[in-house]
Amino acid sequence: MMTINQFIKPKSTKRNSKGNLELGGCDCLELAGKYGTPLYVMCKETLVDMAQSFKKAFSDYPKFQPTYASKALMTKKIAEILYSEGFGFDAVSGGEIYTLHKAGVDMARVTFNGNNKTQDEIKLALEVGIGHFSIDNFSEIEDLASALQGTDKIQHVQLRITPGIECHTHEYIQTGHLDSKFGFDLSQTDSAVEEILKHKNLELKGLHAHIGSQIFETKVFEDEIEVLIKELARLNEKFNLKLDEINIGGGLGITYTKEDTPPSVYEIAEIIKNAIDKNCKKYSIEKPKLFIEPGRSIVGTAGATLYRAGSSKQVPNGKKYVALDGGMADNPRPSMYGAQYSAEVANNKENKTTEQITLSGRYCESGDILIKNIELPKIEKGDVVCIYNTGAYNYSMASNYNRILKPAMVLVNQGQSAMIVSRQTYEQLIENDL
Ligand code: LLP
């Protein structure tokens with residue numbers, strides 16, 4: 001079954017009677033006019049559909065908790081929507097925890113991840129009643145135990161392990177290989193468990209791993225599950241425990257360009273469920289509660305960014321550059337990871353001749369290129385260009401480089417648009433300058 005993670009565009013994308021691009025029933029030229037550009041646009045239908053597909057794909061698994069990885073995109077509205085779809089959350093900072101709390105999320109559904117949680121963040125997480133800590137290292141055990149000292153609170157924890165699996169994705173977003181800054185090496189888990197068991201305020205519930213992001217291979221998930229279940233069974237036996245949770249992290253890939261061929265959420269769910277089944281039999285344990293932390297695959301395709309085209313430059317005997325009014329600060333992925341995107345001109349360009357161009361940004365760096373060598377209808381100054389699949393790791397990684405304001409974000413659905421993040425202002429830009 002095809003799902004949205006295998007499509008480039010949001011579900012609601014079409015050309016309207018004027019020939020203009022439409023997202024969520026809203027004309028993109030009107031959106032650009034009303035809210036300004038660059039503009040992050042989130043299609044609610046796509047977001048909800050993807051969240052529901054995840055739940056459906058795992059609906060026959062007895063104990064399942066999807067925990068959306070907030071780092072991909074977190075705003076109060078995104079939290080509200082996914083929470084109402086039954087999702088929990090993976091949070092990695094005080095800021096993400098605070099946002100979820102303010103959005104009215106039941107914090108028992110949140111797991112606090114990260115390799116260097118500060119004392120203040122630990123305190124905040126405990127105050128709001130976070131469901132789980134995923135313990136990443138020995139010093140965190142001490143910090144958490146001392147924050148709980150003198151209270152009668154029992155904090156559920158999972159132990160993050162490094163399963164020793166290399167997946168073929170960009171080096172910077174691989175995390176499960178042995179030489180990683182995240183989690184306990186398998187040779188350290190016994191000592192970590194011994195350490196946790198010394199503290200009566202900590203209750204170890206299970207194991208956590210995350211092997212990387214934008215993954216298309218399925219075998220790596222099977223391997224990861226075998227490591228987690230084997231280790232869970234071994235620890236239960238050795239320490240006489242009843243660990244019954246595994247958290248397999250996120251990582252499912254999406255389609256940025258036609259060359260990307262990720263498995264659908266349904267295919268990957270079958271593989272995960274079968275691997276759990278097989279390994280639970282092999283290592284003689286009951287099926288554990290399953291946590292999964294998708295980020296990109298939930299929000300990526302639901303998002304698109306609208307830019308207005310400005311200047312252009314024809315290099316004599318070389319490339320033609322068309323500059324957009326955003327770039328590496330609202331989407332750092334092309335310059336950081338060499339990430340590729342697809343785009344379309346939102347204006348009606350029917351029967352217009354096409355040309356090969358490079359879409360550049362407006363930031364003061366030669367590396368600020370959004371898309372190299374793309375064939376598009378001839379763009380005029382003032383046209384609106386839509387770059388697809390920007391829902392994940394764009395706004396969440398945005399900066400104020402060159403002191404350019406962060407864009408607004410709108411949610412579109414069935415012809416309605418609503419601003420869910422307002423555009424930054426110059427006043428806000430200097431707010432913290434003393
Ligand atoms: N769980 C953990 C513990 C993670 O570290 C991550 C992502 C996820 C879940 C969610 O992974 P996803 O389903 O989104 O692949 N900035 C990079 C991606 C970094 C991913 C970091 N960890 C990018 O733009 O490609």
# chains A, B, ... in the order shown; residues from 1 in each chain; ligands from 1

$ closest_atom_pairs --of "chain A" --to "ligand 1" --cutoff "6 Å" --atoms "only C-alpha atoms and all ligand atoms" --output "tab-separated table"
residue	atom	partner	partner_atom_place_in_ligand_line	distance
A:Ala69	CA	ligand 1	10 (C)	5.0
A:Ala72	CA	ligand 1	14 (O)	5.6
A:Ile173	CA	ligand 1	19 (C)	5.2
A:His210	CA	ligand 1	3 (C)	5.1
A:Ser213	CA	ligand 1	15 (O)	3.6
A:Gln214	CA	ligand 1	15 (O)	5.2
A:Gly249	CA	ligand 1	1 (N)	4.2
A:Gly250	CA	ligand 1	13 (O)	3.8
A:Gly251	CA	ligand 1	15 (O)	3.3
A:Leu252	CA	ligand 1	13 (O)	5.3
A:Glu293	CA	ligand 1	9 (C)	4.6
A:Pro294	CA	ligand 1	13 (O)	3.7
A:Gly295	CA	ligand 1	14 (O)	3.5
A:Arg296	CA	ligand 1	14 (O)	3.7
A:Ser297	CA	ligand 1	13 (O)	5.8
A:Arg333	CA	ligand 1	24 (O)	5.6
A:Tyr393	CA	ligand 1	24 (O)	4.7

$ atom_distance --atom1 "atom CA of Ile298 of chain A" --atom2 "atom CA of Leu29 of chain A"
26.0 Å

$ atom_distance --atom1 "atom CA of Gly391 of chain A" --atom2 "atom CA of Tyr40 of chain A"
7.9 Å

$ residues_around --residues "Gly382 of chain A" --least-positions-apart "5" --cutoff "10 Å" --atoms "only C-alpha atoms" --output "list in words"
Tyr307, Arg308, Ala309, Gly310, Ser311, Leu324 and Asn347 of chain A

$ write_last_selection --atoms "C-alpha atoms" --output "JSON list (two decimals), in the first residue's frame"
[["chain", "number", "residue", "atom", "x", "y", "z"],
["A", 307, "TYR", "CA", 9.43, 31.60, -1.67],
["A", 308, "ARG", "CA", 9.30, 34.59, -3.96],
["A", 309, "ALA", "CA", 11.80, 34.72, -6.79],
["A", 310, "GLY", "CA", 13.96, 37.83, -6.95],
["A", 311, "SER", "CA", 17.15, 38.50, -8.85],
["A", 324, "LEU", "CA", 14.78, 33.12, -3.71],
["A", 347, "ASN", "CA", 2.12, 30.57, -10.78]]
